[in-house]
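With PDB, C-alpha atoms, pLDDT in the B column inside, this is run.pdb:
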ATOM      1  CA  MET A   3     -54.307 -48.102 -57.766  1.00 46.00           C
ATOM      2  CA  THR A   4     -52.492 -45.176 -56.272  1.00 52.00           C
ATOM      3  CA  ILE A   5     -48.945 -44.151 -56.978  1.00 51.00           C
ATOM      4  CA  ASP A   6     -46.798 -42.980 -54.079  1.00 48.00           C
ATOM      5  CA  THR A   7     -45.276 -39.697 -55.209  1.00 47.00           C
ATOM      6  CA  THR A   8     -43.682 -38.934 -51.840  1.00 47.00           C
ATOM      7  CA  PRO A   9     -39.943 -38.407 -52.352  1.00 49.00           C
ATOM      8  CA  LYS A  10     -37.820 -41.056 -50.683  1.00 55.00           C
ATOM      9  CA  MET A  11     -35.573 -39.967 -47.839  1.00 55.00           C
ATOM     10  CA  THR A  12     -31.992 -40.596 -48.974  1.00 63.00           C
ATOM     11  CA  TRP A  13     -28.996 -40.742 -46.669  1.00 60.00           C
ATOM     12  CA  TRP A  14     -27.888 -37.325 -48.025  1.00 58.00           C
ATOM     13  CA  ASN A  15     -31.261 -35.811 -47.141  1.00 64.00           C
ATOM     14  CA  ARG A  16     -31.167 -37.375 -43.702  1.00 65.00           C
ATOM     15  CA  LEU A  17     -27.700 -35.997 -43.027  1.00 69.00           C
ATOM     16  CA  SER A  18     -28.835 -32.543 -44.154  1.00 70.00           C
ATOM     17  CA  HIS A  19     -31.416 -32.400 -41.357  1.00 79.00           C
ATOM     18  CA  PRO A  20     -29.716 -31.416 -38.061  1.00 85.00           C
ATOM     19  CA  GLY A  21     -31.959 -33.622 -35.932  1.00 83.00           C
ATOM     20  CA  GLN A  22     -31.487 -36.616 -38.230  1.00 89.00           C
ATOM     21  CA  PHE A  23     -27.729 -36.020 -38.324  1.00 91.00           C
ATOM     22  CA  VAL A  24     -27.503 -36.036 -34.532  1.00 91.00           C
ATOM     23  CA  ALA A  25     -29.674 -39.166 -34.289  1.00 91.00           C
ATOM     24  CA  LEU A  26     -27.615 -41.023 -36.900  1.00 90.00           C
ATOM     25  CA  THR A  27     -24.185 -40.105 -35.570  1.00 93.00           C
ATOM     26  CA  ARG A  28     -24.798 -40.134 -31.802  1.00 95.00           C
ATOM     27  CA  PRO A  29     -24.269 -43.940 -31.530  1.00 95.00           C
ATOM     28  CA  LEU A  30     -20.852 -43.532 -33.178  1.00 96.00           C
ATOM     29  CA  ILE A  31     -19.346 -41.283 -30.510  1.00 97.00           C
ATOM     30  CA  LEU A  32     -18.791 -43.870 -27.759  1.00 97.00           C
ATOM     31  CA  PRO A  33     -17.198 -46.499 -30.063  1.00 98.00           C
ATOM     32  CA  LEU A  34     -15.003 -43.826 -31.620  1.00 98.00           C
ATOM     33  CA  ALA A  35     -13.949 -42.599 -28.179  1.00 98.00           C
ATOM     34  CA  LEU A  36     -13.099 -46.158 -27.096  1.00 98.00           C
ATOM     35  CA  VAL A  37     -11.053 -46.816 -30.238  1.00 98.00           C
ATOM     36  CA  THR A  38      -9.280 -43.480 -29.723  1.00 98.00           C
ATOM     37  CA  GLY A  39      -8.414 -44.383 -26.132  1.00 98.00           C
ATOM     38  CA  VAL A  40      -7.085 -47.822 -27.118  1.00 98.00           C
ATOM     39  CA  LEU A  41      -4.991 -46.357 -29.927  1.00 97.00           C
ATOM     40  CA  PHE A  42      -3.499 -43.691 -27.669  1.00 97.00           C
ATOM     41  CA  ALA A  43      -2.706 -46.256 -24.988  1.00 97.00           C
ATOM     42  CA  ALA A  44      -1.003 -48.520 -27.535  1.00 96.00           C
ATOM     43  CA  GLY A  45       0.763 -45.622 -29.231  1.00 95.00           C
ATOM     44  CA  LEU A  46       2.113 -44.189 -25.991  1.00 93.00           C
ATOM     45  CA  TRP A  47       3.293 -47.613 -24.835  1.00 94.00           C
ATOM     46  CA  TYR A  48       5.027 -48.276 -28.148  1.00 91.00           C
ATOM     47  CA  GLY A  49       6.418 -44.755 -28.378  1.00 90.00           C
ATOM     48  CA  LEU A  50       7.713 -44.417 -24.828  1.00 87.00           C
ATOM     49  CA  PHE A  51       8.696 -47.950 -23.830  1.00 88.00           C
ATOM     50  CA  SER A  52       8.873 -50.284 -26.829  1.00 86.00           C
ATOM     51  CA  SER A  53      10.500 -48.308 -29.632  1.00 85.00           C
ATOM     52  CA  PRO A  54      14.280 -47.801 -29.373  1.00 83.00           C
ATOM     53  CA  PRO A  55      16.101 -44.451 -29.530  1.00 82.00           C
ATOM     54  CA  GLU A  56      17.053 -43.338 -33.019  1.00 75.00           C
ATOM     55  CA  LYS A  57      20.700 -43.843 -34.031  1.00 73.00           C
ATOM     56  CA  TYR A  58      21.509 -40.130 -34.416  1.00 73.00           C
ATOM     57  CA  MET A  59      18.697 -38.279 -32.613  1.00 76.00           C
ATOM     58  CA  GLY A  60      18.386 -40.584 -29.608  1.00 80.00           C
ATOM     59  CA  ASP A  61      15.204 -40.137 -27.554  1.00 80.00           C
ATOM     60  CA  THR A  62      14.422 -36.881 -29.382  1.00 83.00           C
ATOM     61  CA  VAL A  63      12.784 -39.038 -32.051  1.00 85.00           C
ATOM     62  CA  ARG A  64       9.846 -39.656 -29.674  1.00 90.00           C
ATOM     63  CA  ILE A  65       8.677 -36.070 -30.254  1.00 91.00           C
ATOM     64  CA  MET A  66       7.907 -37.175 -33.805  1.00 91.00           C
ATOM     65  CA  TYR A  67       5.100 -39.430 -32.546  1.00 93.00           C
ATOM     66  CA  VAL A  68       3.126 -36.309 -31.644  1.00 95.00           C
ATOM     67  CA  HIS A  69       4.546 -33.795 -34.107  1.00 94.00           C
ATOM     68  CA  VAL A  70       3.913 -35.699 -37.334  1.00 93.00           C
ATOM     69  CA  PRO A  71       0.241 -36.598 -36.623  1.00 96.00           C
ATOM     70  CA  THR A  72      -0.620 -33.087 -35.435  1.00 97.00           C
ATOM     71  CA  ALA A  73       1.134 -31.528 -38.443  1.00 95.00           C
ATOM     72  CA  TRP A  74      -0.854 -33.819 -40.730  1.00 94.00           C
ATOM     73  CA  LEU A  75      -4.103 -32.939 -38.975  1.00 96.00           C
ATOM     74  CA  SER A  76      -3.396 -29.211 -39.118  1.00 97.00           C
ATOM     75  CA  GLN A  77      -3.712 -29.505 -42.908  1.00 96.00           C
ATOM     76  CA  PHE A  78      -6.349 -32.253 -43.039  1.00 97.00           C
ATOM     77  CA  VAL A  79      -8.736 -30.308 -40.793  1.00 97.00           C
ATOM     78  CA  TYR A  80      -8.387 -27.264 -43.017  1.00 97.00           C
ATOM     79  CA  ALA A  81      -9.103 -29.406 -46.087  1.00 97.00           C
ATOM     80  CA  THR A  82     -12.240 -30.616 -44.300  1.00 96.00           C
ATOM     81  CA  MET A  83     -13.233 -27.011 -43.703  1.00 97.00           C
ATOM     82  CA  ALA A  84     -12.619 -26.130 -47.356  1.00 97.00           C
ATOM     83  CA  VAL A  85     -14.933 -28.959 -48.475  1.00 96.00           C
ATOM     84  CA  SER A  86     -17.513 -27.756 -45.943  1.00 96.00           C
ATOM     85  CA  ALA A  87     -17.143 -24.224 -47.315  1.00 96.00           C
ATOM     86  CA  LEU A  88     -17.993 -25.526 -50.776  1.00 95.00           C
ATOM     87  CA  GLY A  89     -20.960 -27.340 -49.251  1.00 93.00           C
ATOM     88  CA  THR A  90     -22.139 -24.038 -47.808  1.00 93.00           C
ATOM     89  CA  LEU A  91     -21.670 -21.886 -50.910  1.00 93.00           C
ATOM     90  CA  VAL A  92     -22.409 -24.372 -53.713  1.00 91.00           C
ATOM     91  CA  TRP A  93     -24.695 -27.097 -52.361  1.00 86.00           C
ATOM     92  CA  ARG A  94     -26.272 -25.119 -49.497  1.00 86.00           C
ATOM     93  CA  HIS A  95     -26.010 -28.162 -47.255  1.00 87.00           C
ATOM     94  CA  PRO A  96     -27.455 -27.228 -43.823  1.00 86.00           C
ATOM     95  CA  MET A  97     -24.787 -29.164 -41.904  1.00 93.00           C
ATOM     96  CA  ALA A  98     -21.822 -27.856 -43.911  1.00 94.00           C
ATOM     97  CA  ASP A  99     -21.429 -24.631 -41.943  1.00 94.00           C
ATOM     98  CA  VAL A 100     -21.887 -26.584 -38.697  1.00 96.00           C
ATOM     99  CA  SER A 101     -18.980 -28.808 -39.722  1.00 96.00           C
ATOM    100  CA  MET A 102     -16.915 -25.779 -40.715  1.00 96.00           C
ATOM    101  CA  LYS A 103     -17.507 -24.018 -37.403  1.00 96.00           C
ATOM    102  CA  ALA A 104     -16.849 -27.134 -35.315  1.00 97.00           C
ATOM    103  CA  ALA A 105     -13.552 -27.889 -37.071  1.00 97.00           C
ATOM    104  CA  ALA A 106     -11.917 -24.458 -36.757  1.00 97.00           C
ATOM    105  CA  PRO A 107     -10.958 -24.587 -33.039  1.00 97.00           C
ATOM    106  CA  LEU A 108      -9.766 -28.190 -33.439  1.00 98.00           C
ATOM    107  CA  GLY A 109      -7.589 -27.213 -36.396  1.00 98.00           C
ATOM    108  CA  ALA A 110      -6.138 -24.318 -34.422  1.00 98.00           C
ATOM    109  CA  ALA A 111      -5.314 -26.647 -31.515  1.00 98.00           C
ATOM    110  CA  PHE A 112      -3.607 -29.237 -33.739  1.00 98.00           C
ATOM    111  CA  THR A 113      -1.639 -26.524 -35.549  1.00 98.00           C
ATOM    112  CA  ALA A 114      -0.478 -25.024 -32.263  1.00 98.00           C
ATOM    113  CA  MET A 115       0.610 -28.488 -31.084  1.00 97.00           C
ATOM    114  CA  ALA A 116       2.489 -29.049 -34.344  1.00 96.00           C
ATOM    115  CA  LEU A 117       4.333 -25.746 -33.971  1.00 96.00           C
ATOM    116  CA  PHE A 118       5.143 -26.381 -30.309  1.00 96.00           C
ATOM    117  CA  THR A 119       6.425 -29.925 -30.827  1.00 95.00           C
ATOM    118  CA  GLY A 120       8.293 -28.791 -33.931  1.00 91.00           C
ATOM    119  CA  SER A 121      10.086 -26.184 -31.831  1.00 91.00           C
ATOM    120  CA  LEU A 122      10.982 -28.839 -29.250  1.00 90.00           C
ATOM    121  CA  TRP A 123      12.331 -30.971 -32.074  1.00 87.00           C
ATOM    122  CA  GLY A 124      14.260 -28.087 -33.614  1.00 83.00           C
ATOM    123  CA  ARG A 125      16.266 -27.144 -30.531  1.00 84.00           C
ATOM    124  CA  PRO A 126      18.365 -30.332 -30.241  1.00 82.00           C
ATOM    125  CA  THR A 127      18.249 -31.092 -33.988  1.00 79.00           C
ATOM    126  CA  TRP A 128      18.920 -27.690 -35.565  1.00 80.00           C
ATOM    127  CA  GLY A 129      20.184 -25.760 -32.544  1.00 81.00           C
ATOM    128  CA  THR A 130      17.229 -23.338 -32.508  1.00 83.00           C
ATOM    129  CA  PHE A 131      13.604 -23.371 -31.412  1.00 84.00           C
ATOM    130  CA  TRP A 132      12.489 -21.316 -34.399  1.00 84.00           C
ATOM    131  CA  GLU A 133      13.656 -20.467 -37.875  1.00 84.00           C
ATOM    132  CA  TRP A 134      11.711 -18.412 -40.408  1.00 85.00           C
ATOM    133  CA  ASP A 135      11.870 -21.059 -43.091  1.00 83.00           C
ATOM    134  CA  GLY A 136       9.065 -21.845 -45.536  1.00 84.00           C
ATOM    135  CA  ARG A 137       7.429 -24.777 -43.710  1.00 88.00           C
ATOM    136  CA  MET A 138       7.408 -23.225 -40.247  1.00 90.00           C
ATOM    137  CA  THR A 139       6.354 -19.769 -41.414  1.00 91.00           C
ATOM    138  CA  SER A 140       3.489 -21.052 -43.585  1.00 93.00           C
ATOM    139  CA  THR A 141       2.304 -23.254 -40.702  1.00 95.00           C
ATOM    140  CA  LEU A 142       2.314 -20.218 -38.429  1.00 96.00           C
ATOM    141  CA  VAL A 143       0.256 -18.381 -41.052  1.00 97.00           C
ATOM    142  CA  LEU A 144      -2.167 -21.335 -40.986  1.00 97.00           C
ATOM    143  CA  LEU A 145      -2.575 -20.906 -37.225  1.00 98.00           C
ATOM    144  CA  PHE A 146      -3.400 -17.223 -37.711  1.00 98.00           C
ATOM    145  CA  ILE A 147      -5.950 -18.165 -40.391  1.00 98.00           C
ATOM    146  CA  TYR A 148      -7.598 -20.611 -38.000  1.00 98.00           C
ATOM    147  CA  LEU A 149      -7.755 -17.984 -35.260  1.00 97.00           C
ATOM    148  CA  GLY A 150      -9.157 -15.449 -37.723  1.00 97.00           C
ATOM    149  CA  ILE A 151     -11.902 -17.895 -38.707  1.00 97.00           C
ATOM    150  CA  VAL A 152     -12.814 -18.531 -35.066  1.00 96.00           C
ATOM    151  CA  ALA A 153     -12.969 -14.767 -34.495  1.00 96.00           C
ATOM    152  CA  LEU A 154     -15.132 -14.293 -37.607  1.00 95.00           C
ATOM    153  CA  TRP A 155     -17.691 -16.795 -36.357  1.00 94.00           C
ATOM    154  CA  ARG A 156     -17.954 -14.903 -33.081  1.00 92.00           C
ATOM    155  CA  ALA A 157     -18.241 -11.529 -34.803  1.00 92.00           C
ATOM    156  CA  PHE A 158     -21.671 -12.297 -36.285  1.00 89.00           C
ATOM    157  CA  ASP A 159     -24.946 -12.834 -34.483  1.00 83.00           C
ATOM    158  CA  ASP A 160     -26.549 -14.126 -37.684  1.00 84.00           C
ATOM    159  CA  GLN A 161     -24.920 -17.523 -38.192  1.00 83.00           C
ATOM    160  CA  LEU A 162     -26.216 -17.898 -41.779  1.00 84.00           C
ATOM    161  CA  ARG A 163     -24.523 -14.664 -42.801  1.00 89.00           C
ATOM    162  CA  ALA A 164     -21.412 -15.642 -40.860  1.00 92.00           C
ATOM    163  CA  ALA A 165     -21.324 -19.003 -42.666  1.00 94.00           C
ATOM    164  CA  ARG A 166     -21.145 -17.349 -46.091  1.00 94.00           C
ATOM    165  CA  VAL A 167     -18.424 -14.892 -45.037  1.00 95.00           C
ATOM    166  CA  VAL A 168     -16.376 -17.596 -43.298  1.00 96.00           C
ATOM    167  CA  ALA A 169     -16.778 -19.956 -46.270  1.00 96.00           C
ATOM    168  CA  VAL A 170     -15.267 -17.380 -48.649  1.00 96.00           C
ATOM    169  CA  PHE A 171     -12.453 -16.624 -46.195  1.00 96.00           C
ATOM    170  CA  THR A 172     -11.771 -20.348 -45.769  1.00 97.00           C
ATOM    171  CA  LEU A 173     -11.519 -20.976 -49.501  1.00 97.00           C
ATOM    172  CA  VAL A 174      -9.135 -18.045 -49.935  1.00 96.00           C
ATOM    173  CA  GLY A 175      -7.003 -19.301 -47.051  1.00 96.00           C
ATOM    174  CA  ALA A 176      -6.827 -22.772 -48.632  1.00 96.00           C
ATOM    175  CA  VAL A 177      -4.117 -21.391 -50.932  1.00 96.00           C
ATOM    176  CA  ASN A 178      -1.760 -21.765 -47.969  1.00 95.00           C
ATOM    177  CA  ILE A 179      -2.152 -25.565 -47.797  1.00 94.00           C
ATOM    178  CA  PRO A 180      -0.140 -26.389 -50.946  1.00 93.00           C
ATOM    179  CA  VAL A 181       2.412 -23.784 -49.822  1.00 92.00           C
ATOM    180  CA  ILE A 182       2.901 -25.748 -46.588  1.00 89.00           C
ATOM    181  CA  LYS A 183       3.040 -29.051 -48.454  1.00 87.00           C
ATOM    182  CA  PHE A 184       5.580 -28.053 -51.107  1.00 85.00           C
ATOM    183  CA  SER A 185       7.558 -25.394 -49.222  1.00 79.00           C
ATOM    184  CA  VAL A 186      10.398 -27.833 -48.504  1.00 73.00           C
ATOM    185  CA  ASP A 187      10.690 -28.506 -52.244  1.00 71.00           C
ATOM    186  CA  TRP A 188      10.353 -24.909 -53.394  1.00 71.00           C
ATOM    187  CA  TRP A 189      12.823 -23.313 -50.971  1.00 69.00           C
ATOM    188  CA  SER A 190      16.014 -24.321 -49.242  1.00 64.00           C
ATOM    189  CA  THR A 191      14.963 -24.702 -45.606  1.00 66.00           C
ATOM    190  CA  LEU A 192      16.036 -26.338 -42.387  1.00 63.00           C
ATOM    191  CA  HIS A 193      12.919 -28.477 -42.369  1.00 64.00           C
ATOM    192  CA  GLN A 194      13.572 -31.875 -43.918  1.00 64.00           C
ATOM    193  CA  PRO A 195      11.505 -33.084 -46.912  1.00 63.00           C
ATOM    194  CA  ALA A 196       9.201 -36.126 -46.765  1.00 60.00           C
ATOM    195  CA  SER A 197      10.886 -38.371 -44.225  1.00 60.00           C
ATOM    196  CA  VAL A 198       8.399 -41.217 -43.638  1.00 62.00           C
ATOM    197  CA  PHE A 199       7.790 -42.580 -47.137  1.00 54.00           C
ATOM    198  CA  ARG A 200       9.677 -41.934 -50.339  1.00 55.00           C
ATOM    199  CA  ALA A 201       9.483 -43.379 -53.828  1.00 52.00           C
ATOM    200  CA  ASP A 202      11.718 -46.294 -52.845  1.00 55.00           C
ATOM    201  CA  GLY A 203       9.686 -47.147 -49.710  1.00 56.00           C
ATOM    202  CA  PRO A 204       9.702 -46.293 -45.982  1.00 60.00           C
ATOM    203  CA  THR A 205      12.712 -44.444 -44.627  1.00 62.00           C
ATOM    204  CA  MET A 206      12.364 -45.651 -41.044  1.00 68.00           C
ATOM    205  CA  PRO A 207      12.765 -49.034 -39.347  1.00 70.00           C
ATOM    206  CA  GLY A 208       9.594 -50.874 -38.380  1.00 75.00           C
ATOM    207  CA  GLU A 209      10.069 -50.385 -34.635  1.00 83.00           C
ATOM    208  CA  ILE A 210       9.869 -46.584 -35.155  1.00 85.00           C
ATOM    209  CA  LEU A 211       7.326 -46.629 -37.987  1.00 89.00           C
ATOM    210  CA  THR A 212       4.830 -48.752 -35.988  1.00 90.00           C
ATOM    211  CA  PRO A 213       4.256 -46.343 -33.078  1.00 92.00           C
ATOM    212  CA  LEU A 214       4.193 -43.449 -35.546  1.00 93.00           C
ATOM    213  CA  PHE A 215       1.321 -45.047 -37.469  1.00 94.00           C
ATOM    214  CA  VAL A 216      -0.533 -45.977 -34.282  1.00 96.00           C
ATOM    215  CA  MET A 217      -0.326 -42.381 -33.062  1.00 96.00           C
ATOM    216  CA  PHE A 218      -1.305 -41.153 -36.521  1.00 96.00           C
ATOM    217  CA  PHE A 219      -4.545 -43.114 -36.330  1.00 97.00           C
ATOM    218  CA  ALA A 220      -5.041 -42.195 -32.664  1.00 97.00           C
ATOM    219  CA  PHE A 221      -4.954 -38.459 -33.410  1.00 98.00           C
ATOM    220  CA  THR A 222      -7.127 -38.906 -36.508  1.00 97.00           C
ATOM    221  CA  PHE A 223      -9.788 -40.787 -34.538  1.00 98.00           C
ATOM    222  CA  LEU A 224      -9.520 -38.118 -31.849  1.00 98.00           C
ATOM    223  CA  PHE A 225     -10.345 -35.451 -34.422  1.00 98.00           C
ATOM    224  CA  VAL A 226     -13.327 -37.394 -35.790  1.00 98.00           C
ATOM    225  CA  THR A 227     -14.680 -37.938 -32.273  1.00 98.00           C
ATOM    226  CA  LEU A 228     -14.249 -34.318 -31.185  1.00 98.00           C
ATOM    227  CA  GLN A 229     -15.653 -33.080 -34.510  1.00 98.00           C
ATOM    228  CA  LEU A 230     -18.871 -35.062 -34.040  1.00 97.00           C
ATOM    229  CA  VAL A 231     -19.225 -33.910 -30.428  1.00 97.00           C
ATOM    230  CA  ALA A 232     -18.646 -30.284 -31.434  1.00 97.00           C
ATOM    231  CA  MET A 233     -21.194 -30.557 -34.262  1.00 97.00           C
ATOM    232  CA  HIS A 234     -23.806 -32.014 -31.916  1.00 96.00           C
ATOM    233  CA  THR A 235     -23.130 -29.203 -29.453  1.00 96.00           C
ATOM    234  CA  GLU A 236     -23.498 -26.583 -32.184  1.00 94.00           C
ATOM    235  CA  VAL A 237     -26.801 -28.086 -33.379  1.00 94.00           C
ATOM    236  CA  ARG A 238     -28.174 -27.976 -29.829  1.00 94.00           C
ATOM    237  CA  ARG A 239     -26.904 -24.431 -29.310  1.00 92.00           C
ATOM    238  CA  ARG A 240     -28.637 -23.224 -32.466  1.00 88.00           C
ATOM    239  CA  ARG A 241     -31.833 -25.010 -31.485  1.00 90.00           C
ATOM    240  CA  ILE A 242     -31.807 -23.322 -28.085  1.00 90.00           C
ATOM    241  CA  THR A 243     -31.134 -19.935 -29.708  1.00 84.00           C
ATOM    242  CA  THR A 244     -34.075 -20.455 -32.068  1.00 82.00           C
ATOM    243  CA  LEU A 245     -36.398 -21.395 -29.211  1.00 86.00           C
ATOM    244  CA  GLU A 246     -35.272 -18.369 -27.193  1.00 83.00           C
ATOM    245  CA  ARG A 247     -35.960 -16.041 -30.125  1.00 79.00           C
ATOM    246  CA  ARG A 248     -39.410 -17.558 -30.651  1.00 80.00           C
ATOM    247  CA  ALA A 249     -40.166 -17.154 -26.966  1.00 83.00           C
ATOM    248  CA  ALA A 250     -38.969 -13.537 -27.073  1.00 79.00           C
ATOM    249  CA  ARG A 251     -41.181 -12.791 -30.068  1.00 77.00           C
ATOM    250  CA  GLY A 252     -44.114 -14.368 -28.243  1.00 70.00           C
ATOM    251  CA  ASP A 253     -43.504 -12.194 -25.188  1.00 56.00           C
ATOM    252  CA  ALA A 254     -43.228  -9.109 -27.405  1.00 51.00           C
ATOM    253  CA  ARG A 255     -46.650  -9.815 -28.877  1.00 51.00           C
TER     254      ARG A 255
END

Can you turn what I pasted into structure tokens?
Amino acid sequence: MTIDTTPKMTWWNRLSHPGQFVALTRPLILPLALVTGVLFAAGLWYGLFSSPPEKYMGDTVRIMYVHVPTAWLSQFVYATMAVSALGTLVWRHPMADVSMKAAAPLGAAFTAMALFTGSLWGRPTWGTFWEWDGRMTSTLVLLFIYLGIVALWRAFDDQLRAARVVAVFTLVGAVNIPVIKFSVDWWSTLHQPASVFRADGPTMPGEILTPLFVMFFAFTFLFVTLQLVAMHTEVRRRRITTLERRAARGDAR
């Protein structure tokens, strides 16, 4: 009788192998893209044609259907990067730095959209496109952090060394996330506090809350889809780079 001492391949081990990760997640991309498209179609229909104008803000309220989800994602994507940074530094997970690198440009794009739509909202609501209050300023700082991370990745040829440097920078920059979250409570600002849900329940009527939630899920599914595509692209890029270096070493010999 022989005893099989071969270690079993767990889901964590399979996800840690780039090839296995791509094989496992590739079938998810098309369904995720289809769900994203359906959610955006429903959200845009609800937001533009079905939901009524708000009592005081009128049609300006429709900007919220893009601003709120992108503002949420600007922070959620960074939280994802912070977890990936821990995966790189603590657990040495091979796909953690891939996730971190793939998320940075997406986070920068969502943050830029949040700032732009917030400025569009601010002009008719507050009478100005920009005010250096706590929420807007800390969100602008977040955009600069994202851009700095993207630049750091491109500054290194050695991606393993870059991953460690970027992971440390990402964790330091994570201090800004609670500043964004609680800035409206800590300082007196133009930006309103939590205006979707409060302790006593939702603050909006259902006909406005429904398209907001649909767009919230649409943008979230968009991020997940683009994140997987970007990770697959990065895995293939690194594989090609490795093959090119092996071929160059072979030619040199």

- Task: Would you translate the PyMOL selection byres ((chain A and resi 30-47) around 10) into the concrete set of residues it matches in this file, as an MDAnalysis selection string?
- Result: chainID A and resid 25:29 48:53 64 67:68 212:231

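Between atom CA of Ala104 of chain A and atom CA of Thr90 of chain A the separation is 13.9 Å.
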
- Could you state the separation of atom CA of Gly60 of chain A and atom CA of Met138 of chain A in Å, given to one decimal place? 23.1 Å

- Contacts of Ser76 of chain A within 10 Å, only C-alpha atoms, excl. fewer than 6 positions in-chain, as a ChimeraX atom specification: /A:70,108-117,141,144-145,148,179

For C-alpha atoms, I'd like the residues from the last selection saved as a compact mmCIF listing (two decimals), in the coordinates of the input.
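Ended up saving to result-v1.txt:
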# COMPACT_ATOMS: atom_id res chain seq x y z
CA VAL A 70 3.91 -35.70 -37.33
CA LEU A 108 -9.77 -28.19 -33.44
CA GLY A 109 -7.59 -27.21 -36.40
CA ALA A 110 -6.14 -24.32 -34.42
CA ALA A 111 -5.31 -26.65 -31.52
CA PHE A 112 -3.61 -29.24 -33.74
CA THR A 113 -1.64 -26.52 -35.55
CA ALA A 114 -0.48 -25.02 -32.26
CA MET A 115 0.61 -28.49 -31.08
CA ALA A 116 2.49 -29.05 -34.34
CA LEU A 117 4.33 -25.75 -33.97
CA THR A 141 2.30 -23.25 -40.70
CA LEU A 144 -2.17 -21.34 -40.99
CA LEU A 145 -2.58 -20.91 -37.22
CA TYR A 148 -7.60 -20.61 -38.00
CA ILE A 179 -2.15 -25.56 -47.80

- Query: If the PyMOL selection byres ((chain A and resi 120) around 9) is run on the structure shown, which residues does it catch, given as number ranges by chain?
  - Reply: A: 65-66, 69-70, 73, 115-119, 121-125, 131-132, 138

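The space between atom CA of Ala250 of chain A and atom CA of Ala157 of chain A spans 22.2 Å.
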
- Hits from the PyMOL selection byres ((chain A and resi 82) around 12), listed as a VMD selection string: chain A and resid 75 to 81 83 to 89 98 to 106 108 to 109 169 172 to 173 176 179 225 to 226 229

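Closest approach to His234 of chain A among A:Ile147, A:Val92, A:Phe23, A:Ala249 is made by A:Phe23 (distances from all atoms listed in the file).
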